[in-house]
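A.B. asks: This is the content of my_file_34.cif (mmCIF, C-alpha atoms):
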```cif
data_final
#
loop_
_atom_site.label_atom_id
_atom_site.label_comp_id
_atom_site.auth_asym_id
_atom_site.auth_seq_id
_atom_site.Cartn_x
_atom_site.Cartn_y
_atom_site.Cartn_z
CA MET A 1231 -176.19 99.82 52.03
CA GLU A 1232 -175.15 101.05 55.45
CA PHE A 1233 -177.01 102.36 58.50
CA THR A 1234 -176.25 103.09 62.16
CA VAL A 1235 -178.72 103.21 65.05
CA SER A 1236 -178.34 104.08 68.74
CA GLY A 1237 -180.24 105.28 71.82
CA ASN A 1238 -184.02 104.80 71.96
CA SER A 1239 -184.06 103.97 68.27
CA LEU A 1240 -181.81 101.00 69.01
CA LYS A 1241 -184.34 99.72 71.59
CA THR A 1242 -187.16 100.00 69.05
CA PHE A 1243 -185.00 98.28 66.43
CA ALA A 1244 -184.32 95.37 68.82
CA ARG A 1245 -188.05 95.03 69.64
CA ALA A 1246 -188.81 94.90 65.93
CA ILE A 1247 -186.30 92.10 65.36
CA ILE A 1248 -187.65 90.09 68.30
CA CYS A 1249 -191.25 90.50 67.08
CA LEU A 1250 -190.30 89.40 63.57
CA ALA A 1251 -188.47 86.36 64.97
CA ARG A 1252 -191.62 85.27 66.85
CA ILE A 1253 -193.55 85.21 63.55
CA GLY A 1254 -191.19 83.95 60.83
CA ASN A 1255 -187.77 82.42 60.24
CA ASP A 1256 -186.27 84.62 57.52
CA LEU A 1257 -185.67 88.36 57.53
CA VAL A 1258 -186.05 89.95 54.11
CA VAL A 1259 -184.37 93.35 53.84
CA GLN A 1260 -185.45 95.83 51.17
CA ALA A 1261 -183.54 99.09 51.23
CA SER A 1262 -184.20 102.16 49.13
CA PRO A 1263 -183.15 105.78 49.56
CA SER A 1264 -186.59 106.64 51.01
CA LYS A 1265 -187.16 103.75 53.46
CA LEU A 1266 -185.94 100.46 54.88
CA ASP A 1267 -188.37 97.53 55.03
CA PHE A 1268 -188.08 94.34 57.08
CA HIS A 1269 -190.40 91.51 55.94
CA THR A 1270 -191.11 88.06 57.31
CA LEU A 1271 -193.58 85.28 56.52
CA ASN A 1272 -194.27 82.24 58.68
CA SER A 1273 -193.85 78.71 57.38
CA SER A 1274 -197.60 78.09 56.97
CA ARG A 1275 -198.01 81.39 55.11
CA SER A 1276 -200.77 82.48 57.47
CA ALA A 1277 -198.96 85.46 59.02
CA TYR A 1278 -197.08 88.27 57.32
CA LYS A 1279 -195.42 91.23 58.95
CA VAL A 1280 -193.56 94.22 57.60
CA ILE A 1281 -191.81 96.96 59.57
CA THR A 1282 -190.83 100.15 57.78
CA PHE A 1283 -188.18 102.60 58.99
CA SER A 1284 -187.73 106.08 57.59
CA PRO A 1285 -184.23 107.49 57.06
CA ASP A 1286 -184.52 109.85 60.06
CA PHE A 1287 -184.92 106.85 62.33
CA PHE A 1288 -181.18 106.11 61.92
CA ASP A 1289 -178.13 108.11 62.83
CA VAL A 1290 -176.59 107.27 59.46
CA TYR A 1291 -178.47 105.84 56.49
CA THR A 1292 -176.93 105.34 53.03
CA VAL A 1293 -178.16 103.31 50.07
CA ASN A 1294 -176.16 103.13 46.83
CA GLY A 1295 -178.58 102.39 44.03
CA ALA A 1296 -182.31 102.33 43.52
CA GLN A 1297 -183.10 99.30 45.70
CA ILE A 1298 -181.19 96.54 47.46
CA LYS A 1299 -182.69 93.20 48.53
CA CYS A 1300 -181.26 90.44 50.67
CA SER A 1301 -182.42 87.80 53.12
CA VAL A 1302 -180.86 86.45 56.33
CA LEU A 1303 -181.93 84.13 59.12
CA LEU A 1304 -183.68 85.83 62.00
CA LYS A 1305 -182.13 83.37 64.43
CA ALA A 1306 -178.69 84.65 63.50
CA VAL A 1307 -179.78 88.28 63.87
CA CYS A 1308 -181.19 87.53 67.34
CA SER A 1309 -177.81 86.11 68.38
CA VAL A 1310 -176.26 89.47 67.50
CA LEU A 1311 -178.70 91.27 69.80
CA ARG A 1312 -178.07 88.81 72.65
CA THR A 1313 -175.85 91.46 74.20
CA PRO A 1314 -177.92 93.64 76.56
CA ILE A 1315 -179.11 96.79 74.82
CA THR A 1316 -178.06 98.90 77.80
CA ASN A 1317 -174.43 97.88 77.15
CA ILE A 1318 -174.48 98.84 73.45
CA ASP A 1319 -173.53 102.33 72.29
CA ASN A 1320 -174.53 101.85 68.65
CA LEU A 1321 -175.20 99.21 66.03
CA ALA A 1322 -173.88 99.44 62.47
CA VAL A 1323 -175.10 97.24 59.61
CA GLN A 1324 -173.28 97.16 56.27
CA LEU A 1325 -173.79 95.35 52.98
CA PRO A 1326 -170.80 96.22 50.74
CA ASP A 1327 -172.54 95.50 47.42
CA PRO A 1328 -175.84 93.99 46.25
CA ASP A 1329 -174.13 90.70 45.40
CA ALA A 1330 -172.28 90.33 48.70
CA SER A 1331 -172.55 86.96 50.44
CA LYS A 1332 -172.55 88.32 54.00
CA VAL A 1333 -174.04 91.21 55.94
CA CYS A 1334 -171.70 92.74 58.51
CA TRP A 1335 -173.17 93.63 61.94
CA THR A 1336 -170.95 95.66 64.27
CA LEU A 1337 -171.67 96.41 67.95
CA GLU A 1338 -169.87 99.22 69.73
CA CYS A 1339 -170.18 98.65 73.50
CA TYR A 1340 -169.71 101.22 76.28
CA ASN A 1341 -166.84 99.26 77.79
CA GLY A 1342 -164.83 99.70 74.59
CA ILE A 1343 -165.46 96.22 73.18
CA ARG A 1344 -166.32 95.93 69.51
CA LYS A 1345 -168.22 92.88 68.29
CA ILE A 1346 -168.36 92.08 64.58
CA TYR A 1347 -170.70 89.44 63.14
CA GLY A 1348 -170.91 88.25 59.55
CA ILE A 1349 -174.31 86.76 58.68
CA THR A 1350 -174.55 84.80 55.46
CA CYS A 1351 -177.26 85.85 53.04
CA ASN A 1352 -179.72 83.31 51.69
CA VAL A 1353 -179.04 82.14 48.17
CA ASP A 1354 -182.66 82.25 46.97
CA PRO A 1355 -184.52 84.71 49.19
CA ASP A 1356 -188.30 84.36 49.34
CA ILE A 1357 -189.38 87.98 48.99
CA GLN A 1358 -193.10 88.60 49.31
CA GLN A 1359 -195.06 91.78 48.71
CA LEU A 1360 -198.48 92.27 50.30
CA SER A 1361 -200.65 95.33 50.12
CA LEU A 1362 -204.10 95.75 51.69
CA ASP A 1363 -206.41 98.73 51.62
CA LYS A 1364 -207.68 99.71 55.08
CA GLY A 1365 -210.78 101.28 53.55
CA ARG A 1366 -212.22 97.88 52.63
CA TYR A 1367 -212.67 96.94 56.28
CA HIS A 1368 -215.98 98.01 57.81
CA SER A 1369 -215.21 96.75 61.33
CA ASN A 1370 -212.30 97.97 63.41
CA PHE A 1371 -211.37 98.92 66.95
CA VAL A 1372 -208.47 100.52 68.80
CA VAL A 1373 -207.28 98.98 72.05
CA ARG A 1374 -204.38 99.59 74.41
CA PRO A 1375 -201.87 96.71 74.50
CA ARG A 1376 -202.05 96.46 78.28
CA ASP A 1377 -205.85 96.18 78.22
CA LEU A 1378 -205.76 93.54 75.49
CA ASN A 1379 -203.15 91.58 77.46
CA ARG A 1380 -205.41 91.70 80.50
CA LEU A 1381 -208.33 90.34 78.47
CA LEU A 1382 -206.24 87.53 77.00
CA ALA A 1383 -205.08 86.55 80.48
CA ASN A 1384 -208.54 85.01 81.01
CA PHE A 1385 -207.73 82.33 78.44
CA GLN A 1386 -205.39 79.37 78.68
CA SER A 1387 -201.78 80.05 77.80
CA SER A 1388 -201.82 77.04 75.45
CA LEU A 1389 -204.66 78.52 73.36
CA GLN A 1390 -203.73 78.54 69.66
CA GLU A 1391 -206.70 80.24 68.00
CA ILE A 1392 -209.15 82.83 69.25
CA THR A 1393 -212.41 84.12 67.81
CA ILE A 1394 -213.55 87.75 67.87
CA ILE A 1395 -217.28 88.38 67.36
CA ALA A 1396 -218.42 91.94 66.70
CA THR A 1397 -222.00 93.19 66.87
CA GLU A 1398 -223.62 96.59 66.85
CA ARG A 1399 -223.21 98.38 70.13
CA ASN A 1400 -226.90 99.39 70.40
CA SER A 1401 -228.33 96.04 69.34
CA LEU A 1402 -228.57 94.78 72.92
CA PRO A 1403 -230.05 96.85 75.74
CA ALA A 1404 -228.03 97.32 78.88
CA ASP A 1405 -230.67 95.81 81.16
CA VAL A 1406 -231.29 92.46 79.51
CA THR A 1407 -231.56 89.51 81.83
CA ASP A 1408 -228.83 87.42 80.22
CA GLY A 1409 -226.12 89.61 81.69
CA ILE A 1410 -224.42 90.51 78.39
CA GLY A 1411 -226.44 93.57 77.47
CA GLY A 1412 -224.33 96.35 75.98
CA LYS A 1413 -221.31 94.05 75.52
CA ALA A 1414 -221.05 94.15 71.76
CA VAL A 1415 -217.72 92.30 71.40
CA GLU A 1416 -217.06 88.71 72.39
CA LEU A 1417 -213.74 86.89 72.69
CA ARG A 1418 -214.10 83.13 72.48
CA SER A 1419 -211.78 80.14 72.50
CA TYR A 1420 -211.83 78.44 69.14
CA LEU A 1421 -213.55 75.04 69.26
CA ASP A 1422 -212.05 72.62 66.77
CA PRO A 1423 -214.94 70.53 65.39
CA MET A 1424 -212.53 67.83 64.17
CA LYS A 1425 -211.12 67.17 67.64
CA GLU A 1426 -213.06 64.58 69.62
CA ASN A 1427 -213.10 64.35 73.40
CA ASP A 1428 -211.55 67.77 73.74
CA SER A 1429 -210.76 68.27 77.42
CA SER A 1430 -209.24 71.73 77.15
CA LEU A 1431 -210.82 74.73 78.84
CA HIS A 1432 -213.12 76.84 76.65
CA THR A 1433 -213.69 80.47 77.59
CA GLN A 1434 -216.12 83.12 76.39
CA LEU A 1435 -215.59 86.77 77.32
CA TRP A 1436 -218.10 89.53 76.58
CA ILE A 1437 -216.68 93.06 76.35
CA ASP A 1438 -218.24 96.48 76.51
CA PRO A 1439 -216.38 98.55 73.88
CA VAL A 1440 -216.96 101.75 75.83
CA GLU A 1441 -215.09 100.39 78.83
CA GLU A 1442 -212.28 98.41 77.19
CA PHE A 1443 -211.61 99.99 73.78
CA VAL A 1444 -210.40 103.42 72.78
CA GLN A 1445 -212.46 103.29 69.59
CA TYR A 1446 -214.99 100.82 68.16
CA THR A 1447 -216.68 100.81 64.78
CA HIS A 1448 -219.10 98.20 63.47
CA SER A 1449 -222.42 98.29 61.64
CA GLY A 1450 -224.67 95.66 60.16
CA ASP A 1451 -224.90 91.97 60.92
CA PRO A 1452 -222.59 90.31 63.45
CA VAL A 1453 -219.26 89.13 62.06
CA ASP A 1454 -216.57 86.89 63.47
CA VAL A 1455 -212.93 86.15 62.68
CA THR A 1456 -210.74 83.33 64.01
CA PHE A 1457 -206.95 83.69 63.90
CA GLY A 1458 -203.75 82.65 65.67
CA VAL A 1459 -202.91 83.85 69.17
CA LYS A 1460 -199.13 83.47 68.91
CA GLU A 1461 -198.72 86.22 66.31
CA LEU A 1462 -201.21 88.44 68.14
CA LYS A 1463 -199.22 88.24 71.38
CA ALA A 1464 -195.99 89.03 69.51
CA PHE A 1465 -197.54 92.17 68.05
CA ILE A 1466 -198.96 93.16 71.46
CA SER A 1467 -195.50 92.94 73.03
CA PHE A 1468 -194.02 95.08 70.27
CA CYS A 1469 -196.69 97.79 70.58
CA GLU A 1470 -196.55 97.77 74.37
CA GLY A 1471 -192.78 98.27 74.31
CA CYS A 1472 -193.17 101.13 71.85
CA GLU A 1473 -196.02 102.63 73.95
CA VAL A 1474 -198.50 102.77 71.09
CA ASP A 1475 -202.08 101.52 70.72
CA ILE A 1476 -203.20 98.70 68.42
CA HIS A 1477 -205.61 99.34 65.55
CA LEU A 1478 -207.27 96.11 64.36
CA TYR A 1479 -209.23 95.91 61.09
CA PHE A 1480 -211.38 92.92 60.08
CA GLU A 1481 -214.26 92.13 57.73
CA LYS A 1482 -215.63 88.57 58.03
CA ALA A 1483 -214.60 84.95 58.39
CA GLY A 1484 -212.18 83.87 55.69
CA GLU A 1485 -210.90 87.39 55.01
CA PRO A 1486 -207.50 88.49 56.43
CA ILE A 1487 -207.29 90.86 59.38
CA LEU A 1488 -204.92 93.79 59.57
CA MET A 1489 -203.15 95.22 62.63
CA THR A 1490 -201.19 98.45 62.77
CA PRO A 1491 -199.86 100.68 65.55
CA ARG A 1492 -201.73 103.90 66.31
CA TYR A 1493 -199.40 106.65 67.43
CA GLY A 1494 -201.83 109.38 68.45
CA ASP A 1495 -205.45 110.19 69.05
CA ASP A 1496 -206.18 109.95 65.32
CA ASP A 1497 -204.87 108.08 62.32
CA GLY A 1498 -203.19 111.22 60.97
CA ALA A 1499 -200.30 111.00 63.45
CA ILE A 1500 -197.08 109.74 61.90
CA SER A 1501 -193.83 108.32 63.22
CA ASN A 1502 -190.39 107.46 61.89
CA PHE A 1503 -191.32 103.76 61.87
CA ASN A 1504 -194.47 101.78 61.08
CA ALA A 1505 -195.56 98.14 61.32
CA THR A 1506 -198.25 96.04 59.69
CA LEU A 1507 -199.33 92.54 60.67
CA VAL A 1508 -201.63 90.54 58.38
CA LEU A 1509 -203.15 87.30 59.64
CA ALA A 1510 -205.20 84.74 57.77
CA THR A 1511 -208.55 83.75 59.27
CA MET A 1512 -210.51 80.51 59.20
CA LEU A 1513 -213.14 80.06 56.54
CA SER A 1514 -215.78 78.62 58.87
CA SER A 1515 -217.85 81.06 60.89
CA GLN A 1516 -218.38 80.39 64.58
CA LEU A 1517 -221.72 82.20 64.54
CA HIS A 1518 -223.42 79.19 62.95
CA GLU A 1519 -221.72 76.41 64.87
CA GLY A 1520 -224.27 76.36 67.69
CA ASN A 1521 -221.81 77.74 70.24
CA ASN A 1522 -223.68 80.95 70.91
CA THR A 1523 -225.15 82.31 74.08
CA SER A 1524 -228.49 80.58 73.53
CA GLU A 1525 -227.08 77.35 74.92
CA PHE A 1526 -226.73 78.93 78.34
CA PRO A 1527 -230.47 79.73 78.75
CA ALA A 1528 -231.24 76.23 77.45
CA GLU A 1529 -228.96 74.72 80.04
CA THR A 1530 -230.60 76.85 82.71
CA ALA A 1531 -234.08 75.72 81.64
CA ARG A 1532 -232.95 72.11 81.66
CA MET A 1533 -231.61 72.49 85.20
CA GLN A 1534 -234.89 74.08 86.28
CA ASP A 1535 -236.86 71.16 84.82
CA GLN A 1536 -234.67 68.74 86.70
CA THR A 1537 -235.18 70.70 89.89
CA GLU A 1538 -238.96 70.73 89.44
CA SER A 1539 -239.05 66.99 88.74
CA GLY A 1540 -236.88 66.38 91.78
CA THR A 1541 -239.25 68.48 93.88
CA ALA A 1542 -242.26 66.48 92.65
CA LEU A 1543 -240.45 63.25 93.45
CA GLY A 1544 -239.64 64.52 96.94
CA ALA A 1545 -243.30 65.46 97.49
CA GLN A 1546 -244.35 61.94 96.47
CA HIS A 1547 -241.90 60.47 98.95
CA ASP A 1548 -243.24 62.74 101.67
CA LYS A 1549 -246.76 61.45 100.99
CA ASN A 1550 -245.49 57.90 101.45
CA GLY A 1551 -244.20 58.71 104.92
CA ALA A 1552 -240.61 59.66 104.16
CA SER A 1553 -238.98 61.82 106.78
CA GLY A 1554 -236.66 64.74 105.94
CA SER A 1555 -236.36 68.48 105.86
CA ASP A 1556 -237.81 70.55 103.02
CA ASN A 1557 -234.54 72.47 102.65
CA LEU A 1558 -232.53 69.41 101.70
CA SER A 1559 -231.48 68.77 98.14
CA ASN A 1560 -232.96 66.02 95.98
CA HIS A 1561 -230.10 63.67 96.71
CA THR A 1562 -230.42 64.32 100.41
CA ARG A 1563 -234.17 63.74 100.28
CA ILE A 1564 -233.73 60.44 98.50
CA TRP A 1565 -231.10 59.43 101.01
CA SER A 1566 -233.36 60.47 103.89
CA GLU A 1567 -236.23 58.49 102.38
CA LEU A 1568 -234.11 55.36 102.29
CA THR A 1569 -232.95 55.91 105.85
CA GLY A 1570 -236.54 56.54 107.02
CA SER A 1571 -237.71 53.30 105.43
CA ALA A 1572 -235.10 51.39 107.38
CA ALA A 1573 -236.13 53.16 110.55
CA ALA A 1574 -239.80 52.42 109.91
CA ALA A 1575 -239.00 48.77 109.38
CA GLY A 1576 -237.06 48.74 112.63
CA SER A 1577 -239.75 50.61 114.56
CA GLY A 1578 -242.39 47.84 114.27
CA SER A 1579 -244.25 46.21 117.15
CA GLY A 1580 -242.25 44.81 120.01
CA SER A 1581 -243.76 41.37 119.49
CA ASN A 1582 -242.41 41.24 115.95
CA ARG A 1583 -238.96 42.14 117.17
CA ARG A 1584 -239.19 39.53 119.91
CA ASN A 1585 -240.40 36.91 117.47
CA ALA A 1586 -237.57 37.72 115.11
CA SER A 1587 -235.13 37.55 118.02
CA GLU A 1588 -236.56 34.24 119.20
CA ASN A 1589 -236.38 32.85 115.69
CA ARG A 1590 -232.74 33.88 115.40
CA ASN A 1591 -231.99 32.40 118.83
CA SER A 1592 -233.78 29.16 117.99
CA ASN A 1593 -231.87 28.92 114.75
CA VAL A 1594 -228.59 29.40 116.56
CA VAL A 1595 -229.52 26.84 119.24
CA GLU A 1596 -230.62 24.39 116.57
CA ALA A 1597 -227.36 24.82 114.70
CA ARG A 1598 -225.39 24.29 117.86
CA GLU A 1599 -227.50 21.22 118.72
CA ILE A 1600 -226.88 19.70 115.32
CA GLN A 1601 -223.17 20.36 115.67
CA ARG A 1602 -223.14 18.81 119.17
CA ILE A 1603 -225.02 15.75 118.01
CA SER A 1604 -222.83 15.36 114.95
CA ASN A 1605 -219.77 15.09 117.12
CA ILE A 1606 -221.47 12.61 119.59
CA GLN A 1607 -218.87 12.61 122.26
CA ILE A 1608 -221.10 13.04 125.34
CA SER A 1609 -224.71 12.02 125.65
CA LYS A 1610 -226.67 13.88 128.22
CA VAL A 1611 -229.01 11.66 130.13
CA SER A 1612 -231.88 12.66 132.31
CA SER A 1613 -231.37 11.00 135.73
CA SER A 1614 -235.02 11.05 136.61
CA MET A 1615 -236.54 9.62 133.44
CA GLY A 1616 -233.60 7.76 132.01
CA ILE A 1617 -234.16 9.13 128.52
CA VAL A 1618 -231.26 9.89 126.18
CA GLN A 1619 -231.54 12.82 123.72
CA THR A 1620 -231.29 11.64 120.19
CA GLY A 1621 -230.93 13.37 116.85
CA ILE A 1622 -230.93 12.81 113.14
CA ILE A 1623 -227.75 13.65 111.16
CA GLU A 1624 -227.56 14.05 107.42
CA CYS A 1625 -224.26 13.02 105.91
CA ASN A 1626 -223.67 12.47 102.19
CA CYS A 1627 -227.44 12.42 101.69
CA GLN A 1628 -227.78 9.31 103.88
CA VAL A 1629 -229.87 9.18 107.05
CA PHE A 1630 -228.38 7.58 110.16
CA SER A 1631 -230.17 6.77 113.40
CA GLN A 1632 -228.69 6.57 116.84
CA ARG A 1633 -231.55 4.51 118.32
CA HIS A 1634 -229.49 1.34 118.37
CA LEU A 1635 -230.21 -0.97 121.26
CA SER A 1636 -226.60 -0.90 122.35
CA ASN A 1637 -226.81 2.86 122.86
CA TRP A 1638 -229.59 2.66 125.41
CA VAL A 1639 -228.35 2.85 128.97
CA GLU A 1640 -230.41 1.92 131.99
CA PRO A 1641 -230.14 3.98 135.17
CA GLY A 1642 -228.84 1.03 137.16
CA ASP A 1643 -226.03 0.13 134.78
CA GLU A 1644 -223.40 2.43 136.21
CA GLU A 1645 -219.88 1.71 135.11
CA ASP A 1646 -218.24 4.81 136.50
CA GLU A 1647 -217.97 4.75 140.25
CA GLU A 1648 -216.44 8.24 140.56
CA ASP A 1649 -219.39 10.09 139.12
CA ASP A 1650 -222.89 9.16 140.35
CA ASP A 1651 -224.73 11.90 138.47
CA GLU A 1652 -223.63 11.38 134.85
CA LEU A 1653 -222.66 8.39 132.82
CA CYS A 1654 -220.13 8.61 129.99
CA VAL A 1655 -220.79 6.06 127.30
CA GLN A 1656 -218.41 5.16 124.54
CA CYS A 1657 -219.93 5.97 121.22
CA THR A 1658 -220.44 3.13 118.85
CA PRO A 1659 -220.37 3.25 115.07
CA PRO A 1660 -223.66 4.29 113.53
CA TYR A 1661 -226.01 1.52 112.61
CA HIS A 1662 -227.78 1.57 109.31
CA GLU A 1663 -231.44 0.80 109.66
CA GLU A 1664 -232.79 -1.77 107.26
#
```
Write the structure described by the file as structure tokens, please.
C.D. replies:
Amino acid sequence: MEFTVSGNSLKTFARAIICLARIGNDLVVQASPSKLDFHTLNSSRSAYKVITFSPDFFDVYTVNGAQIKCSVLLKAVCSVLRTPITNIDNLAVQLPDPDASKVCWTLECYNGIRKIYGITCNVDPDIQQLSLDKGRYHSNFVVRPRDLNRLLANFQSSLQEITIIATERNSLPADVTDGIGGKAVELRSYLDPMKENDSSLHTQLWIDPVEEFVQYTHSGDPVDVTFGVKELKAFISFCEGCEVDIHLYFEKAGEPILMTPRYGDDDGAISNFNATLVLATMLSSQLHEGNNTSEFPAETARMQDQTESGTALGAQHDKNGASGSDNLSNHTRIWSELTGSAAAAGSGSGSNRRNASENRNSNVVEAREIQRISNIQISKVSSSMGIVQTGIIECNCQVFSQRHLSNWVEPGDEEDEEDDDELCVQCTPPYHEE
């Protein structure tokens, strides 16, 4: 087997290799005189892709024998195409005989450099054959890769699975109040029911097929399919580079979906290469998981009930004398009611405020008096009546009296000659009354 490719065909060939490498690990080559097939299957066996090239796609194409099969690592093939395509004049691939251990890849560059790579073939290649009839699918649509990329940009880049829900285009009128009338297709982030406390962002996108799709066909009950996003994005990049539309076929949950390029305005257009991507879908249907659009009206009704209850509560507060504006929210009204209660308590009669102030002042004076008496350093005596202020002190639950006879001072017993107005008496130890 030997073939040579150059020019625009070389760019398409490189895009095909890159797309296959984003899906699987091994490249299975099946060559016959009528076509050349590249197959790959991912490790979980949920994605299968085949790209077929016709002999006129190559500059030179030769196959000795009925059919030749071999398998190589896609990682090694990608290292061959690491050289920029704009610097390569042509690429030649040669397998000397069906039992050869290596495939020879030769790059002829414009600067005169020739690069030769020998890629070892796998000993036991895993060659898979998959054939699906497009006529079995009752739901399908055609979309431009750029438009599909724009729609997927609304979802998180870390999204792994996506759900497509298809309904009849005329099943919903265009003037319904829920805002999704006429949008017969929905793209939804897949919600894993086994994952608890999922904090990732979930997105639902309703699409009008007339505005976003080139063609849309669906009849009957709504159907949904959930599949991987990684393989879908790889196929989108391949079709966008080749400037072709994407034709997607699906049936129901649990059945595989099929994607192929569409080269013209109808399916009758042909090209010198073709690609098919088959993806497995999840068995569980998202239509019966309770994640439909009905939860949004329910949430709206629940919010309205809360608003009405909050309004009734605010009216009750207003009847009780709460002050506040009618335009404030429930939280603001509650806060205003609490603030108004404090103001009402503070706006009582002036006598009450004075009484409260006098009580506080008396308490402070009393505390200071007790502290002054407890220290007993200076006894204030009235010069006119000769009476000494006394007090009762509680200490360790015992009552002491300062009415000891030795503490009484007569007006005529002045011991301090310097001060005629006040007498300073030395305090004596407290006397326990019997």
A.B. asks: Enumerate, as a PyMOL selection string, the residues matched when the PyMOL selection byres ((chain A and resi 1317) around 12) is run on the file above.
C.D. replies: chain A and resi 1236-1237+1240-1241+1311-1316+1318-1321+1337-1345
A.B. asks: Using all atoms listed in the file, find the one residue out of A:His1269, A:Lys1425, A:Arg1418, A:Arg1399 that sits nearest to Pro1452 of chain A.
C.D. replies: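 For Pro1452 of chain A, the nearest of the given residues is A:Arg1399.
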A.B. asks: Applied to the shown file, which residues does the PyMOL selection byres ((chain A and resi 1346) around 6) return, written as a list in words?
C.D. replies: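 On the file shown, the PyMOL selection byres ((chain A and resi 1346) around 6) covers Trp1335, Thr1336, Lys1345 and Tyr1347 of chain A.
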A.B. asks: For the structure shown, which residues end up in the PyMOL selection byres ((chain A and resi 1381-1386) around 8)? Put them as a PyMOL selection string, please?
C.D. replies: chain A and resi 1377-1380+1387-1389+1419+1431-1433
A.B. asks: What is the atom CA of Cys1472 of chain A to atom CA of Arg1245 of chain A distance in Å?
C.D. replies: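 That distance, rounded to one decimal, is 8.3 Å.
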